[in-house]
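A short worksheet on the structure shown next.
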Protein chains: 2
Amino acid sequence: MPTYPPSTVAVIFIAERTLADDAGYAVAANAMVELASRQPGYLGINSARGEDRIGITVSYWADEEAAKAWRDNPEHAAIRDAGRNRWYSWYDLHVASITRSYDWVKL
Amino acid sequence: MPTYPPSTVAVIFIAERTLADDAGYAVAANAMVELASRQPGYLGINSARGEDRIGITVSYWADEEAAKAWRDNPEHAAIRDAGRNRWYSWYDLHVASITRSYDWVKL
């Protein structure tokens, strides 16, 4: 499991899924992970969604420029529009700069 | 859904639950949310865990001092030890300073 150096940019996306179009959403979500991983400055991603349909995705970027380039990626923008139209009832987005990072694994 | 002002501290906790002690874990997790919400400088929390048992919790704090006081809270430290002993197979923790924050709600 990774730690990240100080100044890594974490993009924290919290969203509630609507009840619509689970199949289309799953395809798009996988495509977005694949697309993000090919962006310059991509460092990693974590994602979890519970039975209440609230999910959190955190993506990690080498710097602000990399995070903004991902925001401005045209395929990402198109999927974001679809998200607002169909897949999400609300979302919060926080962009943050990592100051310290730890990991632990059971031995 | 909240946005947070710049310099809000986000504590990003990503962890895989072991198969052990779901009941004890649920009690402790609820107690931690309750305890955190009574700490000075607490602003909010988001949490999600999927069927793969990987969960993400993000807590939000007014400043570094508030986040560190939460880290050093003795009840929190005791639960953290229980987490390492019983509930988690690994975790990552990232402390980050929010630079910008957006929200969106379907109308």
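Labels used: A, B, ... for chains in the order of the structure tokens, numbers from 1 for residues in each chain, and numbers from 1 for ligands as shown.
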Both chains have the same sequence, so superpose chain B on chain A over all Cα atoms paired in order and return it as a tab-separated table (two decimals) with C-alpha atoms, in the first residue's frame.
chain	number	residue	atom	x	y	z
B	1	MET	CA	0.00	-0.02	-0.03
B	2	PRO	CA	1.46	3.34	-1.00
B	3	THR	CA	2.34	6.39	0.97
B	4	TYR	CA	2.66	9.63	-0.96
B	5	PRO	CA	5.25	12.39	-0.65
B	6	PRO	CA	4.30	15.80	0.72
B	7	SER	CA	2.62	18.03	-1.88
B	8	THR	CA	0.93	15.08	-3.57
B	9	VAL	CA	-2.54	16.32	-4.57
B	10	ALA	CA	-5.48	14.22	-3.33
B	11	VAL	CA	-8.79	14.70	-5.15
B	12	ILE	CA	-11.56	13.52	-2.80
B	13	PHE	CA	-14.86	12.79	-4.57
B	14	ILE	CA	-17.89	11.83	-2.45
B	15	ALA	CA	-21.11	11.04	-4.30
B	16	GLU	CA	-24.47	9.40	-3.87
B	17	ARG	CA	-25.49	7.16	-6.78
B	18	THR	CA	-29.02	7.43	-8.07
B	19	LEU	CA	-30.94	4.19	-8.62
B	20	ALA	CA	-30.52	4.59	-12.39
B	21	ASP	CA	-28.35	2.65	-14.83
B	22	ASP	CA	-26.06	0.48	-12.70
B	23	ALA	CA	-24.65	-1.25	-15.79
B	24	GLY	CA	-23.78	1.99	-17.61
B	25	TYR	CA	-22.28	3.42	-14.47
B	26	ALA	CA	-20.05	0.39	-13.89
B	27	VAL	CA	-18.69	0.59	-17.43
B	28	ALA	CA	-18.00	4.31	-17.11
B	29	ALA	CA	-16.40	3.97	-13.67
B	30	ASN	CA	-13.97	1.34	-14.94
B	31	ALA	CA	-13.22	3.43	-18.02
B	32	MET	CA	-12.45	6.44	-15.81
B	33	VAL	CA	-9.98	4.50	-13.67
B	34	GLU	CA	-8.28	3.25	-16.83
B	35	LEU	CA	-8.22	6.76	-18.34
B	36	ALA	CA	-6.91	8.37	-15.13
B	37	SER	CA	-4.10	5.82	-14.87
B	38	ARG	CA	-2.80	6.90	-18.29
B	39	GLN	CA	-2.75	10.63	-17.38
B	40	PRO	CA	0.65	12.27	-16.70
B	41	GLY	CA	1.24	12.64	-12.98
B	42	TYR	CA	-1.26	9.95	-11.93
B	43	LEU	CA	-0.06	8.24	-8.74
B	44	GLY	CA	-2.96	6.07	-7.61
B	45	ILE	CA	-6.64	5.76	-6.70
B	46	ASN	CA	-8.81	4.37	-3.90
B	47	SER	CA	-12.53	3.77	-4.15
B	48	ALA	CA	-15.30	2.41	-1.94
B	49	ARG	CA	-19.10	2.43	-2.15
B	50	GLY	CA	-21.47	1.07	0.48
B	51	GLU	CA	-25.00	-0.28	0.44
B	52	ASP	CA	-26.36	3.24	1.07
B	53	ARG	CA	-25.01	4.05	-2.45
B	54	ILE	CA	-22.65	6.68	-1.06
B	55	GLY	CA	-19.17	6.28	-2.48
B	56	ILE	CA	-15.79	7.90	-1.95
B	57	THR	CA	-13.05	7.96	-4.55
B	58	VAL	CA	-9.66	9.51	-3.82
B	59	SER	CA	-7.23	9.97	-6.71
B	60	TYR	CA	-3.64	11.04	-6.17
B	61	TRP	CA	-1.64	13.32	-8.47
B	62	ALA	CA	1.99	14.44	-8.58
B	63	ASP	CA	1.04	18.13	-8.53
B	64	GLU	CA	-1.74	20.67	-9.14
B	65	GLU	CA	-1.01	20.78	-12.86
B	66	ALA	CA	-1.56	17.04	-13.16
B	67	ALA	CA	-4.82	17.24	-11.19
B	68	LYS	CA	-6.07	20.13	-13.34
B	69	ALA	CA	-5.11	18.36	-16.55
B	70	TRP	CA	-7.22	15.41	-15.37
B	71	ARG	CA	-10.12	17.77	-14.59
B	72	ASP	CA	-9.82	19.22	-18.10
B	73	ASN	CA	-9.45	15.89	-19.94
B	74	PRO	CA	-12.31	15.95	-22.53
B	75	GLU	CA	-13.34	12.31	-21.97
B	76	HIS	CA	-13.40	12.93	-18.23
B	77	ALA	CA	-15.53	16.06	-18.76
B	78	ALA	CA	-18.02	14.11	-20.91
B	79	ILE	CA	-18.36	11.40	-18.23
B	80	ARG	CA	-18.78	14.11	-15.58
B	81	ASP	CA	-21.75	15.48	-17.53
B	82	ALA	CA	-23.25	11.99	-17.73
B	83	GLY	CA	-22.71	11.69	-13.98
B	84	ARG	CA	-24.71	14.84	-13.33
B	85	ASN	CA	-27.44	13.80	-15.74
B	86	ARG	CA	-27.92	10.19	-14.69
B	87	TRP	CA	-25.68	8.69	-12.04
B	88	TYR	CA	-25.39	11.05	-9.10
B	89	SER	CA	-27.95	12.73	-6.87
B	90	TRP	CA	-25.24	14.85	-5.23
B	91	TYR	CA	-21.50	15.06	-4.95
B	92	ASP	CA	-18.82	16.88	-3.00
B	93	LEU	CA	-15.32	17.40	-4.37
B	94	HIS	CA	-12.34	18.46	-2.29
B	95	VAL	CA	-8.86	19.08	-3.68
B	96	ALA	CA	-6.18	18.83	-1.01
B	97	SER	CA	-2.40	18.84	-0.69
B	98	ILE	CA	-0.96	15.95	1.32
B	99	THR	CA	1.23	17.03	4.24
B	100	ARG	CA	2.00	13.57	5.67
B	101	SER	CA	1.24	9.98	4.82
B	102	TYR	CA	1.52	6.68	6.72
B	103	ASP	CA	0.83	3.07	6.02
B	104	TRP	CA	0.53	-0.05	8.10
B	105	VAL	CA	0.23	-3.73	7.21
B	106	LYS	CA	-0.49	-6.59	9.62
B	107	LEU	CA	2.55	-8.88	9.85
Once DSSP has gone over the backbone, tell me which residues of chain B are in strand (DSSP E or B), as a ChimeraX atom specification. /B:9-17,42-49,54-61,88-105
Next, the residues of the selection above should be written as a CSV table (one decimal), in the first residue's frame with C-alpha atoms.
chain,number,residue,atom,x,y,z
B,9,VAL,CA,-7.5,19.5,7.2
B,10,ALA,CA,-8.8,16.3,5.6
B,11,VAL,CA,-7.7,13.0,7.2
B,12,ILE,CA,-8.0,10.3,4.6
B,13,PHE,CA,-8.1,6.8,6.2
B,14,ILE,CA,-8.2,3.8,3.8
B,15,ALA,CA,-8.4,0.3,5.4
B,16,GLU,CA,-9.2,-3.3,4.6
B,17,ARG,CA,-11.3,-5.0,7.3
B,42,TYR,CA,-14.4,18.8,14.1
B,43,LEU,CA,-16.1,19.8,10.8
B,44,GLY,CA,-17.5,16.6,9.4
B,45,ILE,CA,-16.9,13.0,8.2
B,46,ASN,CA,-17.6,10.8,5.2
B,47,SER,CA,-17.4,7.1,5.2
B,48,ALA,CA,-17.9,4.2,2.7
B,49,ARG,CA,-17.1,0.5,2.7
B,54,ILE,CA,-12.1,-1.9,1.7
B,55,GLY,CA,-13.3,1.3,3.3
B,56,ILE,CA,-12.5,5.0,3.1
B,57,THR,CA,-13.2,7.5,5.9
B,58,VAL,CA,-12.4,11.2,5.5
B,59,SER,CA,-12.7,13.4,8.5
B,60,TYR,CA,-12.4,17.2,8.3
B,61,TRP,CA,-10.8,19.4,10.9
B,88,TYR,CA,-7.7,-4.2,9.9
B,89,SER,CA,-5.3,-6.1,7.7
B,90,TRP,CA,-3.8,-2.9,6.4
B,91,TYR,CA,-4.4,0.8,6.3
B,92,ASP,CA,-3.1,3.9,4.7
B,93,LEU,CA,-3.5,7.4,6.3
B,94,HIS,CA,-3.0,10.6,4.5
B,95,VAL,CA,-3.3,14.1,6.1
B,96,ALA,CA,-4.0,16.8,3.6
B,97,SER,CA,-4.8,20.5,3.5
B,98,ILE,CA,-7.8,21.4,1.3
B,99,THR,CA,-7.1,24.0,-1.3
B,100,ARG,CA,-10.6,24.1,-3.0
B,101,SER,CA,-13.9,22.5,-2.5
B,102,TYR,CA,-17.1,22.2,-4.6
B,103,ASP,CA,-20.5,20.7,-4.2
B,104,TRP,CA,-23.3,19.8,-6.5
B,105,VAL,CA,-26.9,18.7,-5.9
